[in-house]
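protein19.pdb (PDB, C-alpha atoms (C1' of nucleotides)) appears below.
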```pdb
MODEL        1
ATOM      1  CA  MET Y   1       0.000   0.000   0.000
ATOM      2  CA  GLN Y   2       1.379   3.384  -1.005
ATOM      3  CA  PRO Y   3       2.213   5.928   1.698
ATOM      4  CA  PHE Y   4      -0.142   8.307   0.009
ATOM      5  CA  THR Y   5      -3.010   5.884   0.450
ATOM      6  CA  VAL Y   6      -2.187   5.255   4.098
ATOM      7  CA  LYS Y   7      -2.028   8.964   4.866
ATOM      8  CA  ALA Y   8      -5.197   9.736   2.992
ATOM      9  CA  ILE Y   9      -7.066   7.038   4.906
ATOM     10  CA  LYS Y  10      -5.931   8.470   8.238
ATOM     11  CA  ILE Y  11      -6.908  11.970   7.224
ATOM     12  CA  ILE Y  12     -10.356  10.861   6.142
ATOM     13  CA  GLN Y  13     -10.872   8.899   9.349
ATOM     14  CA  ASN Y  14     -10.126  12.037  11.341
ATOM     15  CA  ILE Y  15     -12.749  14.271   9.785
ATOM     16  CA  PRO Y  16     -15.087  15.076  12.668
ATOM     17  CA  SER Y  17     -18.838  14.676  12.463
ATOM     18  CA  GLY Y  18     -20.472  17.854  11.220
ATOM     19  CA  LYS Y  19     -17.488  18.787   9.064
ATOM     20  CA  VAL Y  20     -16.323  18.022   5.535
ATOM     21  CA  MET Y  21     -13.071  18.020   3.581
ATOM     22  CA  THR Y  22     -12.478  18.274  -0.163
ATOM     23  CA  TYR Y  23     -10.789  15.695  -2.396
ATOM     24  CA  GLY Y  24      -8.033  18.116  -3.322
ATOM     25  CA  GLN Y  25      -7.403  19.152   0.263
ATOM     26  CA  ILE Y  26      -6.990  15.550   1.364
ATOM     27  CA  ALA Y  27      -4.704  14.790  -1.574
ATOM     28  CA  LYS Y  28      -2.475  17.746  -0.778
ATOM     29  CA  LEU Y  29      -2.201  16.887   2.910
ATOM     30  CA  ALA Y  30      -1.423  13.285   2.031
ATOM     31  CA  GLY Y  31       1.501  14.458  -0.059
ATOM     32  CA  SER Y  32       0.140  14.554  -3.609
ATOM     33  CA  PRO Y  33      -1.164  18.025  -4.487
ATOM     34  CA  ARG Y  34      -2.663  16.817  -7.756
ATOM     35  CA  GLY Y  35      -3.940  13.523  -6.460
ATOM     36  CA  ALA Y  36      -7.591  14.367  -6.002
ATOM     37  CA  ARG Y  37      -8.604  11.532  -8.270
ATOM     38  CA  GLN Y  38      -6.693   9.107  -6.124
ATOM     39  CA  VAL Y  39      -8.788  10.178  -3.172
ATOM     40  CA  VAL Y  40     -11.832   9.306  -5.234
ATOM     41  CA  ARG Y  41     -10.338   5.917  -5.909
ATOM     42  CA  ILE Y  42      -9.646   5.325  -2.233
ATOM     43  CA  LEU Y  43     -13.143   6.267  -1.181
ATOM     44  CA  HIS Y  44     -14.556   4.046  -3.850
ATOM     45  CA  SER Y  45     -12.504   0.972  -3.077
ATOM     46  CA  LEU Y  46     -11.605   1.214   0.607
ATOM     47  CA  SER Y  47     -14.520   2.926   2.370
ATOM     48  CA  GLU Y  48     -16.034  -0.282   3.577
ATOM     49  CA  LYS Y  49     -12.845  -2.025   4.588
ATOM     50  CA  HIS Y  50     -11.610   0.928   6.624
ATOM     51  CA  GLN Y  51     -15.001   2.233   7.691
ATOM     52  CA  LEU Y  52     -14.336   5.627   6.174
ATOM     53  CA  PRO Y  53     -16.786   8.505   6.659
ATOM     54  CA  TRP Y  54     -16.926   8.862   2.875
ATOM     55  CA  HIS Y  55     -19.949  11.134   3.028
ATOM     56  CA  ARG Y  56     -17.805  13.869   4.609
ATOM     57  CA  VAL Y  57     -15.830  14.359   1.419
ATOM     58  CA  VAL Y  58     -17.050  16.807  -1.239
ATOM     59  CA  ASN Y  59     -15.503  18.582  -4.200
ATOM     60  CA  GLY Y  60     -13.692  21.902  -4.105
ATOM     61  CA  LYS Y  61     -16.830  23.855  -4.809
ATOM     62  CA  GLY Y  62     -18.600  22.381  -1.839
ATOM     63  CA  GLU Y  63     -20.863  20.089  -3.843
ATOM     64  CA  ILE Y  64     -21.716  16.424  -3.652
ATOM     65  CA  GLY Y  65     -19.867  14.845  -6.535
ATOM     66  CA  PHE Y  66     -22.186  11.930  -7.334
ATOM     67  CA  LYS Y  67     -24.291  12.063 -10.477
ATOM     68  CA  ASN Y  68     -26.041   8.880  -9.452
ATOM     69  CA  ASP Y  69     -29.284   9.681  -7.596
ATOM     70  CA  LEU Y  70     -29.083   6.886  -5.050
ATOM     71  CA  SER Y  71     -25.596   7.741  -3.891
ATOM     72  CA  PHE Y  72     -26.303  11.446  -4.086
ATOM     73  CA  ASN Y  73     -29.364  11.179  -1.888
ATOM     74  CA  LEU Y  74     -27.647   8.895   0.593
ATOM     75  CA  GLN Y  75     -24.738  11.286   1.013
ATOM     76  CA  ARG Y  76     -27.094  14.208   1.451
ATOM     77  CA  GLU Y  77     -29.044  12.347   4.102
ATOM     78  CA  LEU Y  78     -25.947  11.326   6.023
ATOM     79  CA  LEU Y  79     -24.687  14.915   6.014
ATOM     80  CA  GLU Y  80     -27.976  16.354   7.172
ATOM     81  CA  LYS Y  81     -28.010  13.884  10.036
ATOM     82  CA  GLU Y  82     -24.849  15.638  11.155
ATOM     83  CA  GLU Y  83     -26.556  19.026  11.004
ATOM     84  CA  ILE Y  84     -24.860  19.941   7.749
ATOM     85  CA  TYR Y  85     -27.344  21.744   5.553
ATOM     86  CA  VAL Y  86     -27.163  20.622   1.925
ATOM     87  CA  SER Y  87     -29.294  22.286  -0.775
ATOM     88  CA  SER Y  88     -31.396  20.176  -3.112
ATOM     89  CA  LYS Y  89     -28.679  20.670  -5.726
ATOM     90  CA  GLY Y  90     -26.159  19.150  -3.358
ATOM     91  CA  ILE Y  91     -24.381  22.341  -2.415
ATOM     92  CA  LEU Y  92     -23.184  23.157   1.083
ATOM     93  CA  ASP Y  93     -21.341  26.081   2.646
ATOM     94  CA  LEU Y  94     -17.625  25.347   2.808
ATOM     95  CA  GLN Y  95     -16.980  28.494   4.841
ATOM     96  CA  GLU Y  96     -19.048  26.948   7.552
ATOM     97  CA  TYR Y  97     -18.325  23.243   7.317
ATOM     98  CA  LEU Y  98     -14.822  22.838   5.926
ATOM     99  CA  TYR Y  99     -12.472  21.067   8.303
ATOM    100  CA  ASP Y 100      -8.829  22.085   8.327
ATOM    101  CA  PRO Y 101      -6.727  19.711  10.473
ATOM    102  CA  LEU Y 102      -3.840  22.179  10.384
ATOM    103  CA  TYR Y 103      -5.862  24.995  11.847
ATOM    104  CA  HIS Y 104      -5.771  25.389  15.615
ATOM    105  CA  HIS Y 105      -7.458  27.910  17.870
ATOM    106  CA  SER Y 106      -4.939  30.119  19.713
TER     107      SER Y 106
ATOM    108  C1'  DT G   1       2.829  -2.521 -21.993
ATOM    109  C1'  DT G   2      -0.929   0.216 -23.008
ATOM    110  C1'  DG G   3      -4.987   2.670 -23.159
ATOM    111  C1'  DG G   4      -9.399   3.790 -20.765
ATOM    112  C1'  DT G   5     -11.309   5.482 -16.517
ATOM    113  C1'  DG G   6     -13.018   8.630 -12.931
ATOM    114  C1'  DA G   7     -17.381  10.935  -6.360
ATOM    115  C1'  DC G   8     -11.268  16.136  -9.311
ATOM    116  C1'  DG G   9      -9.389  20.906 -10.079
ATOM    117  C1'  DG G  10      -8.052  25.055 -12.396
ATOM    118  C1'  DG G  11      -8.491  28.140 -16.151
ATOM    119  C1'  DG G  12     -10.773  30.235 -20.049
ATOM    120  C1'  DC G  13     -15.055  32.160 -22.072
TER     121       DC G  13
ATOM    122  C1'  DC C   1     -23.519  30.591 -13.551
ATOM    123  C1'  DG C   2     -22.664  26.920 -16.978
ATOM    124  C1'  DC C   3     -19.478  24.565 -20.267
ATOM    125  C1'  DC C   4     -15.506  22.871 -22.052
ATOM    126  C1'  DC C   5     -10.816  21.552 -22.281
ATOM    127  C1'  DC C   6      -6.794  19.756 -20.311
ATOM    128  C1'  DG C   7      -3.604  18.023 -16.808
ATOM    129  C1'  DC C   8      -3.387  14.677 -13.337
ATOM    130  C1'  DC C   9      -2.352   9.631 -11.572
ATOM    131  C1'  DA C  10      -3.092   4.890  -9.613
ATOM    132  C1'  DC C  11      -5.590   1.055 -11.069
ATOM    133  C1'  DC C  12      -7.111  -2.591 -14.083
ATOM    134  C1'  DA C  13      -8.546  -5.306 -18.137
TER     135       DA C  13
ENDMDL
END
```
Could you show the structure in this file as structure tokens?
Amino acid sequence: MQPFTVKAIKIIQNIPSGKVMTYGQIAKLAGSPRGARQVVRILHSLSEKHQLPWHRVVNGKGEIGFKNDLSFNLQRELLEKEEIYVSSKGILDLQEYLYDPLYHHS
DNA sequence: TTGGTGACGGGGC
DNA sequence: CGCCCCGCCACCA
């Protein structure tokens, strides 16, 4: 397993409930600034095995990425359960919900 | 080995 | 805002 994959998994596992991270942000923190698509791959193939909170990952514009209705609706439901408001078009407010593991209060 | 494939991202219009 | 193009990169048939 590549170090990138290991790091990305840890990062995803540490996203707190009620917050989201973007594919690109995770890729960058895991050491591959242009590896957003690899994050997609990881979520797709390893979410179950590693019990990843896959629903807390959205694209850089703050939208649910799925085109597929079933997956789209499921992700929206899971986010709203965590008090994250998602519009019917799948858009949420990154200013409010984005999690930055490198940011610390005072 | 090679070419197709994305739950992406940035830039241009 | 919406579209389109292009670069990206590990995986797999």
For this session: Could you please select, counting all atoms listed in the file, the residues of chain Y within 8 Å of chain C and state them as a PyMOL selection string?
Result: chain Y and resi 34-35+37-38
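With all atoms listed in the file taken into account, chain G has DG6, DA7, DC8 and DG9 of chain G at most 10 Å from chain Y.
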Problem set entry | Selection result for the PyMOL selection byres ((chain Y and resi 96) around 12) on this file, as a list in words |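 Output from the PyMOL selection byres ((chain Y and resi 96) around 12), applied to this file: Gly18, Lys19, Val20, Met21, Gly62, Glu83, Ile84, Tyr85, Val86, Leu92, Asp93, Leu94, Gln95, Tyr97, Leu98, Tyr99 and Asp100 of chain Y.
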Exercise. What separation in Å, quoted to one decimal, exists between atom CA of Y:Arg56 and atom CA of Y:Ile12?
Worked result: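 The value is 8.2 Å.
Going from atom CA of Y:Glu80 over to atom CA of Y:Ser17, you cover 10.7 Å.
Atom to atom, atom CA of Y:Gly90 and atom CA of Y:Glu63 stand 5.4 Å apart.
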